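Novice: Mind having a look at this structure? Questions to follow.
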Amino acid sequence: SSLKGLFASFAAGVNILGLGFFMITEGPGWITSFWKMVPPKRKDRAKHLVGQMYYAVTGYVTGNLLTSLLATLLTAGTLAIIGVPYAIPLGILVGLFDLLPLVGASIGAIIVILAALFTSAGAAVIMIIFFVIYQQIEYHFLQPLVYGRTVQMSPLLVLISVLIGAGIGGIIGAIVAIPVGASLQIVVRDIASGRLSAKN
């Protein structure tokens, strides 16, 4: 059961890597096709709305991929320095788990610490210290930078989105919950702004 869950998490990480790559490379083509179906009267407002949503989603995906790449490189480098075998595969595993919001980095850290323990207790202690420091930097600096500038969601709204996404779609639901929540937030703000403008 535990191995099945780990495999599902690993597969989800691979899927989101592929999804992120295609969104970044093919997204502009999708948007061009979409505009051909929008009535001219609504095109200006729709362009503004979709532009905001596209910026939020691609910004989140790009930022998440970059933080995961950083986690991969730093973990693999640290493991290699202290002489833990399979440093690169373990680093990649941490990067893939890091794609999962909120809990992914911790799951990856636990797996690597257990692997380091087979080398020596000292190696495991070093990795514990490494992950405590790195995760503090990621949670308090890197993630707020990504979520604040691109997604523009409060920490509470991020947590609620992830919980709802995980409840509906499991791991994949948790991964896509933040960009979906950000898009819904943009739509709600646009509707509210339109109603306020109509009243005035």
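Identifiers for the structure tokens are assigned positionally: chains receive A, B, ... in sequence, residues are indexed from 1 per chain, and ligands are indexed from 1 in the order shown.
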Within 8 Å of A:Ala116, counting only C-alpha atoms, which residues show up once you throw out same-chain ones fewer than 4 positions away? Write them as an MDAnalysis selection string, please.

Specialist: chainID A and resid 79 84 112 120:121 123:124 127

Novice: Write the residues of the selection above to a file with C-alpha atoms, as a PDB file, in the first residue's frame.

Specialist:
```
ATOM      1  CA  LEU A  79      24.376  13.509  -0.990  1.00  0.00           C
ATOM      2  CA  VAL A  84      25.636   8.553  -0.064  1.00  0.00           C
ATOM      3  CA  VAL A 112      16.312  10.551   1.428  1.00  0.00           C
ATOM      4  CA  SER A 120      25.801   6.157   8.313  1.00  0.00           C
ATOM      5  CA  ALA A 121      24.044   7.897  11.172  1.00  0.00           C
ATOM      6  CA  ALA A 123      25.048  11.142   6.900  1.00  0.00           C
ATOM      7  CA  ALA A 124      21.423  11.000   8.036  1.00  0.00           C
ATOM      8  CA  MET A 127      20.654  15.433   5.568  1.00  0.00           C
TER       9      MET A 127
END
```

Novice: Please, which residues of stretch 66-176 of chain A, numbered as in this document, come out alpha helix (DSSP H) from DSSP, as number ranges by chain?

Specialist: A: 66-82, 87-98, 104-117, 121-137, 143-146, 155-176

Novice: Just want the 10 Å neighbourhood of A:Thr75, counted on only C-alpha atoms, with same-chain residues fewer than 6 positions away dropped. Output as a list in words.

Specialist: Leu69, Ile81, Ala87, Ile88, Leu90, Gly91, Ile92, Leu93, Val94, Gly95, Ala109, Val112, Met127, Phe130, Phe131 and Tyr134 of chain A

Novice: Skipping near chain neighbours, those fewer than 5 positions away, what residues fall within 6 Å of stretch 170-179 of chain A using only C-alpha atoms, listed as a PyMOL selection string?

Specialist: chain A and resi 57+100+161-162+165

Novice: Once you have the residues from the selection above, write them out as a PDB file, in the first residue's frame, restricted to C-alpha atoms.

Specialist:
```
ATOM      1  CA  VAL A  57      -0.949  29.481 -14.270  1.00  0.00           C
ATOM      2  CA  LEU A 100       3.453  18.331  -4.690  1.00  0.00           C
ATOM      3  CA  SER A 161      -7.494  24.931  -2.574  1.00  0.00           C
ATOM      4  CA  VAL A 162      -5.025  22.084  -2.019  1.00  0.00           C
ATOM      5  CA  GLY A 165      -8.186  19.474  -4.851  1.00  0.00           C
TER       6      GLY A 165
END
```

Novice: Could you tell me how far atom CA of A:Val61 lies from atom CA of A:Gly181, in Å and to one decimal?

Specialist: 13.5 Å

Novice: Between A:Thr62, A:Gly122, A:Tyr139, A:Ala71, single out the one closest to A:Gly108, counting only C-alpha atoms.

Specialist: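 Among the listed residues, the smallest separation from A:Gly108 belongs to A:Ala71.
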